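With PDB, C-alpha atoms, pLDDT in the B column inside, this is entry34.pdb:
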```
ATOM      1  CA  MET A   1      -9.117  32.659  -4.801  1.00 92.00           C
ATOM      2  CA  PRO A   2      -5.407  32.761  -3.845  1.00 94.00           C
ATOM      3  CA  ASN A   3      -2.936  33.328  -6.667  1.00 97.00           C
ATOM      4  CA  PRO A   4       0.100  30.982  -6.757  1.00 97.00           C
ATOM      5  CA  ASP A   5       2.126  33.880  -8.169  1.00 97.00           C
ATOM      6  CA  HIS A   6       1.814  35.681  -4.836  1.00 97.00           C
ATOM      7  CA  PHE A   7       3.646  33.048  -2.772  1.00 95.00           C
ATOM      8  CA  ASP A   8       7.265  33.448  -1.642  1.00 93.00           C
ATOM      9  CA  TYR A   9       8.812  30.194  -2.788  1.00 96.00           C
ATOM     10  CA  ALA A  10      12.322  31.311  -1.859  1.00 93.00           C
ATOM     11  CA  GLY A  11      11.348  30.764   1.784  1.00 93.00           C
ATOM     12  CA  ALA A  12      11.527  26.992   1.273  1.00 95.00           C
ATOM     13  CA  ARG A  13      15.079  27.261  -0.042  1.00 94.00           C
ATOM     14  CA  GLU A  14      16.116  29.380   2.946  1.00 95.00           C
ATOM     15  CA  LEU A  15      14.521  26.915   5.350  1.00 95.00           C
ATOM     16  CA  ARG A  16      16.500  24.079   3.774  1.00 96.00           C
ATOM     17  CA  LYS A  17      19.712  26.051   4.269  1.00 96.00           C
ATOM     18  CA  ARG A  18      18.927  26.748   7.930  1.00 96.00           C
ATOM     19  CA  CYS A  19      17.934  23.147   8.674  1.00 95.00           C
ATOM     20  CA  PRO A  20      20.070  20.960   6.395  1.00 95.00           C
ATOM     21  CA  ASP A  21      19.618  17.789   8.441  1.00 94.00           C
ATOM     22  CA  ALA A  22      15.849  18.019   9.039  1.00 94.00           C
ATOM     23  CA  PHE A  23      13.242  16.019   7.129  1.00 94.00           C
ATOM     24  CA  LEU A  24      11.696  18.625   4.823  1.00 96.00           C
ATOM     25  CA  ALA A  25       8.174  17.687   3.747  1.00 96.00           C
ATOM     26  CA  ILE A  26       6.371  19.883   1.251  1.00 97.00           C
ATOM     27  CA  GLY A  27       2.640  20.356   1.794  1.00 97.00           C
ATOM     28  CA  GLY A  28       0.818  19.296   4.939  1.00 96.00           C
ATOM     29  CA  ALA A  29      -2.408  17.887   6.310  1.00 96.00           C
ATOM     30  CA  GLY A  30      -4.379  20.569   4.450  1.00 96.00           C
ATOM     31  CA  VAL A  31      -3.294  19.416   0.986  1.00 98.00           C
ATOM     32  CA  PRO A  32      -5.695  19.014  -0.689  1.00 98.00           C
ATOM     33  CA  ASP A  33      -8.021  18.191   2.250  1.00 98.00           C
ATOM     34  CA  ILE A  34     -11.104  18.549   0.095  1.00 98.00           C
ATOM     35  CA  ILE A  35     -13.708  17.596   2.697  1.00 98.00           C
ATOM     36  CA  ASN A  36     -12.430  19.905   5.437  1.00 97.00           C
ATOM     37  CA  GLY A  37     -11.325  22.695   3.098  1.00 97.00           C
ATOM     38  CA  ASN A  38     -14.609  22.836   1.215  1.00 98.00           C
ATOM     39  CA  GLY A  39     -16.440  22.344   4.505  1.00 98.00           C
ATOM     40  CA  MET A  40     -14.979  25.529   5.945  1.00 97.00           C
ATOM     41  CA  LEU A  41     -16.296  27.453   2.946  1.00 96.00           C
ATOM     42  CA  ARG A  42     -19.528  25.589   2.155  1.00 97.00           C
ATOM     43  CA  THR A  43     -20.263  23.902   5.515  1.00 98.00           C
ATOM     44  CA  MET A  44     -19.494  20.263   6.184  1.00 97.00           C
ATOM     45  CA  GLU A  45     -23.069  19.174   5.577  1.00 97.00           C
ATOM     46  CA  GLN A  46     -23.217  20.829   2.170  1.00 98.00           C
ATOM     47  CA  THR A  47     -19.806  19.448   1.215  1.00 98.00           C
ATOM     48  CA  LEU A  48     -20.940  15.891   1.905  1.00 98.00           C
ATOM     49  CA  VAL A  49     -24.151  16.534  -0.030  1.00 98.00           C
ATOM     50  CA  ASP A  50     -22.025  17.902  -2.894  1.00 98.00           C
ATOM     51  CA  LEU A  51     -20.055  14.664  -3.086  1.00 98.00           C
ATOM     52  CA  ALA A  52     -23.138  12.459  -2.850  1.00 97.00           C
ATOM     53  CA  THR A  53     -25.140  14.396  -5.456  1.00 98.00           C
ATOM     54  CA  ASP A  54     -22.306  15.393  -7.823  1.00 98.00           C
ATOM     55  CA  ASP A  55     -23.135  19.043  -7.214  1.00 98.00           C
ATOM     56  CA  PRO A  56     -21.232  21.022  -9.882  1.00 98.00           C
ATOM     57  CA  ALA A  57     -20.551  24.047  -7.668  1.00 97.00           C
ATOM     58  CA  GLY A  58     -19.041  22.017  -4.848  1.00 98.00           C
ATOM     59  CA  LEU A  59     -16.967  19.888  -7.202  1.00 98.00           C
ATOM     60  CA  LEU A  60     -15.720  22.975  -9.050  1.00 98.00           C
ATOM     61  CA  LEU A  61     -14.624  24.521  -5.755  1.00 98.00           C
ATOM     62  CA  ALA A  62     -12.727  21.330  -4.876  1.00 98.00           C
ATOM     63  CA  ARG A  63     -10.940  21.309  -8.231  1.00 98.00           C
ATOM     64  CA  ARG A  64     -10.047  25.011  -8.062  1.00 98.00           C
ATOM     65  CA  ARG A  65      -8.647  24.744  -4.542  1.00 98.00           C
ATOM     66  CA  ALA A  66      -6.689  21.626  -5.463  1.00 98.00           C
ATOM     67  CA  GLU A  67      -5.242  23.251  -8.572  1.00 98.00           C
ATOM     68  CA  ILE A  68      -3.935  26.192  -6.545  1.00 98.00           C
ATOM     69  CA  LEU A  69      -2.365  23.906  -3.953  1.00 98.00           C
ATOM     70  CA  PHE A  70      -0.909  21.700  -6.679  1.00 98.00           C
ATOM     71  CA  THR A  71       0.750  24.676  -8.371  1.00 98.00           C
ATOM     72  CA  VAL A  72       2.178  25.955  -5.086  1.00 98.00           C
ATOM     73  CA  ILE A  73       3.715  22.560  -4.287  1.00 98.00           C
ATOM     74  CA  GLU A  74       4.975  22.113  -7.842  1.00 98.00           C
ATOM     75  CA  ARG A  75       6.782  25.459  -7.748  1.00 98.00           C
ATOM     76  CA  THR A  76       8.154  24.776  -4.278  1.00 98.00           C
ATOM     77  CA  LEU A  77       9.632  21.476  -5.427  1.00 98.00           C
ATOM     78  CA  GLU A  78      11.142  23.159  -8.464  1.00 97.00           C
ATOM     79  CA  ILE A  79      12.875  25.852  -6.418  1.00 97.00           C
ATOM     80  CA  LEU A  80      14.264  23.270  -3.995  1.00 97.00           C
ATOM     81  CA  LYS A  81      15.938  21.418  -6.875  1.00 94.00           C
ATOM     82  CA  GLY A  82      15.872  17.958  -5.364  1.00 96.00           C
ATOM     83  CA  LYS A  83      16.454  19.014  -1.749  1.00 96.00           C
ATOM     84  CA  ALA A  84      12.973  18.151  -0.458  1.00 98.00           C
ATOM     85  CA  ASP A  85      12.528  14.852   1.376  1.00 98.00           C
ATOM     86  CA  GLY A  86       8.837  14.123   0.797  1.00 98.00           C
ATOM     87  CA  VAL A  87       5.357  15.402   0.058  1.00 98.00           C
ATOM     88  CA  TRP A  88       2.724  15.496   2.808  1.00 98.00           C
ATOM     89  CA  MET A  89      -0.984  15.284   2.029  1.00 98.00           C
ATOM     90  CA  GLY A  90      -4.165  15.135   4.057  1.00 98.00           C
ATOM     91  CA  GLU A  91      -7.807  14.072   3.785  1.00 98.00           C
ATOM     92  CA  ASP A  92      -9.862  13.124   6.847  1.00 97.00           C
ATOM     93  CA  LEU A  93     -11.865  10.090   5.760  1.00 98.00           C
ATOM     94  CA  GLY A  94     -13.228   8.605   8.977  1.00 98.00           C
ATOM     95  CA  THR A  95     -15.285   9.176  12.080  1.00 97.00           C
ATOM     96  CA  GLN A  96     -14.555   7.332  15.312  1.00 96.00           C
ATOM     97  CA  ILE A  97     -16.890   4.499  14.302  1.00 98.00           C
ATOM     98  CA  GLY A  98     -16.524   4.150  10.532  1.00 97.00           C
ATOM     99  CA  PRO A  99     -15.984   5.781   7.131  1.00 98.00           C
ATOM    100  CA  LEU A 100     -16.997   9.382   6.592  1.00 97.00           C
ATOM    101  CA  ILE A 101     -17.882   8.703   2.946  1.00 98.00           C
ATOM    102  CA  SER A 102     -18.288   5.585   0.818  1.00 97.00           C
ATOM    103  CA  ARG A 103     -15.444   4.030  -1.114  1.00 97.00           C
ATOM    104  CA  ASP A 104     -17.367   4.802  -4.310  1.00 97.00           C
ATOM    105  CA  LEU A 105     -17.462   8.521  -3.491  1.00 97.00           C
ATOM    106  CA  TYR A 106     -13.779   8.486  -2.609  1.00 98.00           C
ATOM    107  CA  ARG A 107     -12.859   6.864  -5.890  1.00 98.00           C
ATOM    108  CA  ARG A 108     -15.182   9.050  -7.925  1.00 98.00           C
ATOM    109  CA  HIS A 109     -14.350  12.486  -6.572  1.00 98.00           C
ATOM    110  CA  LEU A 110     -11.315  12.511  -4.256  1.00 98.00           C
ATOM    111  CA  ARG A 111      -8.908   9.857  -5.485  1.00 98.00           C
ATOM    112  CA  PRO A 112      -8.358  11.426  -8.942  1.00 98.00           C
ATOM    113  CA  ILE A 113      -7.371  14.710  -7.289  1.00 98.00           C
ATOM    114  CA  HIS A 114      -5.165  12.944  -4.733  1.00 98.00           C
ATOM    115  CA  GLN A 115      -3.491  10.972  -7.502  1.00 98.00           C
ATOM    116  CA  ARG A 116      -2.210  14.153  -9.154  1.00 98.00           C
ATOM    117  CA  PHE A 117      -0.292  15.075  -6.000  1.00 98.00           C
ATOM    118  CA  VAL A 118       1.094  11.564  -5.644  1.00 98.00           C
ATOM    119  CA  ASP A 119       2.206  11.543  -9.269  1.00 98.00           C
ATOM    120  CA  LEU A 120       3.879  14.935  -8.829  1.00 98.00           C
ATOM    121  CA  ALA A 121       5.837  13.650  -5.836  1.00 98.00           C
ATOM    122  CA  ARG A 122       6.868  10.489  -7.641  1.00 97.00           C
ATOM    123  CA  ALA A 123       8.025  12.538 -10.628  1.00 97.00           C
ATOM    124  CA  HIS A 124      10.489  14.115  -8.184  1.00 97.00           C
ATOM    125  CA  ASP A 125      11.341  10.687  -6.730  1.00 97.00           C
ATOM    126  CA  LEU A 126       9.808  11.606  -3.362  1.00 98.00           C
ATOM    127  CA  PRO A 127       7.691   9.514  -0.973  1.00 98.00           C
ATOM    128  CA  VAL A 128       4.179  10.623  -0.053  1.00 98.00           C
ATOM    129  CA  VAL A 129       2.697  10.666   3.449  1.00 98.00           C
ATOM    130  CA  ILE A 130      -1.058  11.181   3.881  1.00 98.00           C
ATOM    131  CA  HIS A 131      -2.745  12.382   7.067  1.00 98.00           C
ATOM    132  CA  SER A 132      -6.201  10.929   7.674  1.00 98.00           C
ATOM    133  CA  CYS A 133      -8.073  11.121  10.963  1.00 96.00           C
ATOM    134  CA  GLY A 134     -10.587   8.657  12.341  1.00 97.00           C
ATOM    135  CA  SER A 135     -11.461   5.218  11.011  1.00 98.00           C
ATOM    136  CA  SER A 136      -9.672   5.530   7.679  1.00 98.00           C
ATOM    137  CA  SER A 137      -8.053   2.128   7.133  1.00 98.00           C
ATOM    138  CA  TRP A 138     -10.849   1.265   4.690  1.00 98.00           C
ATOM    139  CA  ALA A 139      -9.022   3.539   2.201  1.00 98.00           C
ATOM    140  CA  PHE A 140      -5.527   2.108   2.732  1.00 98.00           C
ATOM    141  CA  GLU A 141      -5.737  -0.323  -0.198  1.00 98.00           C
ATOM    142  CA  ASP A 142      -6.465   2.656  -2.433  1.00 98.00           C
ATOM    143  CA  PHE A 143      -3.540   4.542  -0.903  1.00 98.00           C
ATOM    144  CA  ILE A 144      -1.240   1.634  -1.681  1.00 98.00           C
ATOM    145  CA  GLU A 145      -2.476   1.360  -5.270  1.00 98.00           C
ATOM    146  CA  MET A 146      -1.933   5.100  -5.730  1.00 98.00           C
ATOM    147  CA  GLY A 147       1.676   4.906  -4.596  1.00 98.00           C
ATOM    148  CA  ILE A 148       1.375   6.483  -1.145  1.00 98.00           C
ATOM    149  CA  ALA A 149       4.195   5.343   1.140  1.00 98.00           C
ATOM    150  CA  ALA A 150       3.017   6.221   4.656  1.00 98.00           C
ATOM    151  CA  VAL A 151      -0.088   7.121   6.669  1.00 98.00           C
ATOM    152  CA  ASP A 152      -0.200   9.649   9.490  1.00 98.00           C
ATOM    153  CA  THR A 153      -2.410   9.997  12.597  1.00 96.00           C
ATOM    154  CA  LEU A 154      -3.574   6.401  13.270  1.00 97.00           C
ATOM    155  CA  GLN A 155      -6.093   7.091  16.027  1.00 97.00           C
ATOM    156  CA  PRO A 156      -6.034   3.735  17.875  1.00 97.00           C
ATOM    157  CA  GLU A 157      -9.440   4.211  19.534  1.00 96.00           C
ATOM    158  CA  ALA A 158     -11.208   4.534  16.166  1.00 98.00           C
ATOM    159  CA  ALA A 159     -12.743   1.480  14.487  1.00 98.00           C
ATOM    160  CA  HIS A 160     -10.251  -0.735  12.616  1.00 98.00           C
ATOM    161  CA  MET A 161      -7.307   1.445  13.610  1.00 98.00           C
ATOM    162  CA  ALA A 162      -5.703  -0.595  16.402  1.00 98.00           C
ATOM    163  CA  PRO A 163      -1.915  -0.880  15.916  1.00 98.00           C
ATOM    164  CA  SER A 164      -2.064  -4.696  15.772  1.00 98.00           C
ATOM    165  CA  TYR A 165      -4.728  -4.560  13.049  1.00 98.00           C
ATOM    166  CA  LEU A 166      -2.820  -2.032  10.955  1.00 98.00           C
ATOM    167  CA  LYS A 167       0.535  -3.768  11.321  1.00 98.00           C
ATOM    168  CA  SER A 168      -0.776  -7.218  10.440  1.00 98.00           C
ATOM    169  CA  ARG A 169      -2.853  -6.050   7.498  1.00 98.00           C
ATOM    170  CA  TYR A 170      -0.740  -3.288   5.945  1.00 98.00           C
ATOM    171  CA  GLY A 171       2.633  -3.315   7.695  1.00 97.00           C
ATOM    172  CA  ASP A 172       4.507  -4.812   4.749  1.00 97.00           C
ATOM    173  CA  ARG A 173       3.094  -2.233   2.338  1.00 98.00           C
ATOM    174  CA  LEU A 174       2.736   1.022   4.275  1.00 98.00           C
ATOM    175  CA  ALA A 175       4.816   2.914   6.797  1.00 98.00           C
ATOM    176  CA  PHE A 176       3.052   4.437   9.815  1.00 98.00           C
ATOM    177  CA  HIS A 177       3.379   7.717  11.713  1.00 98.00           C
ATOM    178  CA  GLY A 178       1.329   8.301  14.887  1.00 97.00           C
ATOM    179  CA  ALA A 179      -0.751   5.927  17.056  1.00 97.00           C
ATOM    180  CA  ILE A 180      -0.022   7.571  20.434  1.00 98.00           C
ATOM    181  CA  SER A 181      -3.474   8.939  21.136  1.00 97.00           C
ATOM    182  CA  THR A 182      -3.781  12.591  22.178  1.00 96.00           C
ATOM    183  CA  ALA A 183      -7.183  11.639  23.649  1.00 94.00           C
ATOM    184  CA  GLY A 184      -5.817   8.701  25.650  1.00 94.00           C
ATOM    185  CA  PRO A 185      -3.123   8.319  28.329  1.00 95.00           C
ATOM    186  CA  LEU A 186      -1.098  11.187  26.888  1.00 97.00           C
ATOM    187  CA  ALA A 187      -3.823  13.587  28.019  1.00 96.00           C
ATOM    188  CA  THR A 188      -5.549  11.727  30.844  1.00 96.00           C
ATOM    189  CA  GLY A 189      -3.042   9.225  32.250  1.00 97.00           C
ATOM    190  CA  THR A 190       0.116   9.271  34.295  1.00 98.00           C
ATOM    191  CA  PRO A 191       3.676   9.277  32.959  1.00 98.00           C
ATOM    192  CA  ALA A 192       3.770   5.554  33.743  1.00 98.00           C
ATOM    193  CA  ASP A 193       0.634   5.040  31.631  1.00 98.00           C
ATOM    194  CA  VAL A 194       2.246   6.910  28.748  1.00 98.00           C
ATOM    195  CA  ARG A 195       5.431   4.856  28.950  1.00 98.00           C
ATOM    196  CA  THR A 196       3.376   1.658  28.969  1.00 98.00           C
ATOM    197  CA  VAL A 197       1.318   2.542  25.890  1.00 98.00           C
ATOM    198  CA  CYS A 198       4.426   3.706  24.029  1.00 98.00           C
ATOM    199  CA  ARG A 199       6.261   0.474  24.869  1.00 97.00           C
ATOM    200  CA  GLN A 200       3.281  -1.638  23.805  1.00 97.00           C
ATOM    201  CA  THR A 201       2.810   0.299  20.557  1.00 98.00           C
ATOM    202  CA  LEU A 202       6.486   0.024  19.672  1.00 97.00           C
ATOM    203  CA  ALA A 203       6.470  -3.704  20.369  1.00 97.00           C
ATOM    204  CA  ILE A 204       3.678  -4.109  17.820  1.00 97.00           C
ATOM    205  CA  MET A 205       4.672  -1.583  15.173  1.00 97.00           C
ATOM    206  CA  MET A 206       8.464  -1.574  15.220  1.00 95.00           C
ATOM    207  CA  PRO A 207       9.359  -5.113  14.017  1.00 95.00           C
ATOM    208  CA  GLY A 208      10.418  -4.975  10.383  1.00 93.00           C
ATOM    209  CA  GLY A 209      10.683  -1.182  10.422  1.00 94.00           C
ATOM    210  CA  GLY A 210       8.322   1.314   8.880  1.00 95.00           C
ATOM    211  CA  TYR A 211       7.087   3.030  12.028  1.00 97.00           C
ATOM    212  CA  CYS A 212       7.664   6.503  13.473  1.00 96.00           C
ATOM    213  CA  LEU A 213       6.332   6.972  17.003  1.00 97.00           C
ATOM    214  CA  ALA A 214       4.304  10.179  17.194  1.00 97.00           C
ATOM    215  CA  PRO A 215       1.110  11.580  18.727  1.00 97.00           C
ATOM    216  CA  THR A 216      -2.057  11.028  16.737  1.00 96.00           C
ATOM    217  CA  HIS A 217      -2.451  14.765  16.183  1.00 93.00           C
ATOM    218  CA  ALA A 218      -1.220  18.047  17.627  1.00 93.00           C
ATOM    219  CA  ILE A 219      -0.716  17.625  21.362  1.00 96.00           C
ATOM    220  CA  GLN A 220      -3.529  19.522  23.090  1.00 94.00           C
ATOM    221  CA  ASP A 221      -3.186  22.062  25.902  1.00 94.00           C
ATOM    222  CA  ASN A 222      -4.839  19.680  28.391  1.00 93.00           C
ATOM    223  CA  THR A 223      -1.796  17.406  28.222  1.00 97.00           C
ATOM    224  CA  PRO A 224       0.549  17.446  31.251  1.00 98.00           C
ATOM    225  CA  THR A 225       4.102  18.363  30.334  1.00 97.00           C
ATOM    226  CA  GLU A 226       5.436  15.360  32.239  1.00 98.00           C
ATOM    227  CA  ASN A 227       3.377  13.088  29.979  1.00 98.00           C
ATOM    228  CA  VAL A 228       4.882  14.631  26.863  1.00 98.00           C
ATOM    229  CA  LEU A 229       8.360  14.106  28.275  1.00 98.00           C
ATOM    230  CA  ALA A 230       7.464  10.517  29.181  1.00 98.00           C
ATOM    231  CA  MET A 231       6.471   9.856  25.550  1.00 98.00           C
ATOM    232  CA  TYR A 232       9.830  11.049  24.241  1.00 96.00           C
ATOM    233  CA  GLU A 233      11.713   9.201  26.966  1.00 97.00           C
ATOM    234  CA  ALA A 234       9.881   5.986  26.076  1.00 97.00           C
ATOM    235  CA  ALA A 235      10.664   6.467  22.399  1.00 96.00           C
ATOM    236  CA  LYS A 236      14.367   6.788  23.198  1.00 95.00           C
ATOM    237  CA  ARG A 237      14.345   3.858  25.627  1.00 96.00           C
ATOM    238  CA  TYR A 238      12.294   1.336  23.671  1.00 96.00           C
ATOM    239  CA  GLY A 239      12.723   2.539  20.095  1.00 95.00           C
ATOM    240  CA  ARG A 240      15.459   2.208  17.513  1.00 85.00           C
ATOM    241  CA  TYR A 241      17.214   4.786  15.364  1.00 67.00           C
ATOM    242  CA  ARG A 242      18.704   4.523  11.929  1.00 57.00           C
TER
END
```
Turn this file's structure into structure tokens for me.
Amino acid sequence: MPNPDHFDYAGARELRKRCPDAFLAIGGAGVPDIINGNGMLRTMEQTLVDLATDDPAGLLLARRRAEILFTVIERTLEILKGKADGVWMGEDLGTQIGPLISRDLYRRHLRPIHQRFVDLARAHDLPVVIHSCGSSSWAFEDFIEMGIAAVDTLQPEAAHMAPSYLKSRYGDRLAFHGAISTAGPLATGTPADVRTVCRQTLAIMMPGGGYCLAPTHAIQDNTPTENVLAMYEAAKRYGRYR
């Protein structure tokens, strides 16, 4: 297993110096990302079986990986001495049509591990953003209870992830980052289509604040450059800045 002593934490301090005005988030979508991370080592099928059957080997692997990631983030925050802007987490909890696991499994095995990262961030007075692909809004009440401030990805084509649904149900309690689908007009439409979907999404999500327009995931190589430019142009034209 990786050793937290072998990481170069000074790199975070140098990055802050080079980019003093950027939003510096510590972590990322792979922290702790138990389902995907364990899945790459134990296969996805076995990882889901581990959670359902309380398999001690799979659960031990999840705890060990999480402890390493926790220590790395803890030391990074310490070396930055208050100059980080947030902590970023990730855990894919949905398919396109529904939850990937039950709420009971989430609360039994994943939430306690996630809570440690949230508590660490809050001890440093930092907000927490969590990345979660697919139909994941079923877990948003848990996120809110845990103290998570914002959710990333927001695939609008997945079940119960439409911008209007998310804004009306959670918009006064969570901030949102994403919702411009990398599998929709951004990849397959025209620049006009992209501008339209961006304008419509902003009209729904922007009132009251708490929304950052962004693609649902990394923009794929099948996306026309002119569509990417159209997304940014629409954000500047129809969005607001603070």
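Of the residues under consideration (A:Leu51, A:Ile204, A:Ala158, A:Val118), A:Leu51 shows the shortest atom-to-atom contact distance to Ile101 (chain A) when counting only C-alpha atoms.
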*Please write the residues picked by the PyMOL selection byres ((chain A and resi 120-127) around 9) on this file as a PyMOL selection string.*
chain A and resi 70+73-74+77+82+84-88+115-119+128-129+147-150
*Write out as a ChimeraX atom specification which residues come within 9 Å of Gly30 (chain A) when counting only C-alpha atoms, dropping same-chain ones fewer than 2 positions away.*
/A:27-28,32-34,36-37,88-91,131
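Among A:Cys133, A:His6, A:Lys83, A:Thr190, the residue with the shortest atom-to-atom distance to Pro20 (chain A), counting all atoms listed in the file, is A:Lys83.
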Using the file's own x, y and z axes, what box holds all listed atoms of region 191-203 of chain A with 4 Å on each side, keeping edges along x, y and z, and what are its centre and edge lengths in Å to one decimal, as lines of an AutoDock Vina configuration file?
```
center_x = 3.6
center_y = 2.8
center_z = 26.7
size_x = 13.9
size_y = 21.0
size_z = 22.1
```
*Tell me which residues the PyMOL selection byres ((chain A and resi 230) around 8) grabs here, as a ChimeraX atom specification.*
/A:191-192,194-195,226-229,231-234
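Relative to CA of Leu24 (chain A), CA of Val72 (chain A) is found at 15.6 Å.
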_For this structure, which residues satisfy the selection - the PyMOL selection byres ((chain A and resi 162) around 12) - when it is evaluated on the file as given? I want them as a ChimeraX atom specification._
/A:96,134-137,153-161,163-170,178-181,200-201,204-205
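Using only C-alpha atoms, the shortest contact distance between Gly189 (chain A) and any of A:Pro99, A:Pro224, A:Tyr9, A:Ile219 is found at A:Pro224.
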*Grab the CA of Lys236 (chain A) to CA of Asp172 (chain A) distance for me, in Å with one decimal place.*
23.9 Å
*Which polymer residues have any atom within 12 Å of an atom of Arg107 (chain A), counting only C-alpha atoms, with same-chain residues fewer than 4 positions away left out, as a PyMOL selection string?*
chain A and resi 51+101-103+111-115+139+141-143+145-146
Could you write out the selected residues, including C-alpha atoms, as a compact mmCIF listing (two decimals), in the frame of the given file?
```txt
# COMPACT_ATOMS: atom_id res chain seq x y z
CA LEU A 51 -20.06 14.66 -3.09
CA ILE A 101 -17.88 8.70 2.95
CA SER A 102 -18.29 5.58 0.82
CA ARG A 103 -15.44 4.03 -1.11
CA ARG A 111 -8.91 9.86 -5.48
CA PRO A 112 -8.36 11.43 -8.94
CA ILE A 113 -7.37 14.71 -7.29
CA HIS A 114 -5.16 12.94 -4.73
CA GLN A 115 -3.49 10.97 -7.50
CA ALA A 139 -9.02 3.54 2.20
CA GLU A 141 -5.74 -0.32 -0.20
CA ASP A 142 -6.46 2.66 -2.43
CA PHE A 143 -3.54 4.54 -0.90
CA GLU A 145 -2.48 1.36 -5.27
CA MET A 146 -1.93 5.10 -5.73
```
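The nearest approach to Asp92 (chain A) among the residues A:Thr223, A:Thr196, A:Ser132, A:Asn38, with only C-alpha atoms taken into account, belongs to A:Ser132.
We find CA of Asp5 (chain A) and CA of Gly58 (chain A) to be spaced 24.5 Å apart.
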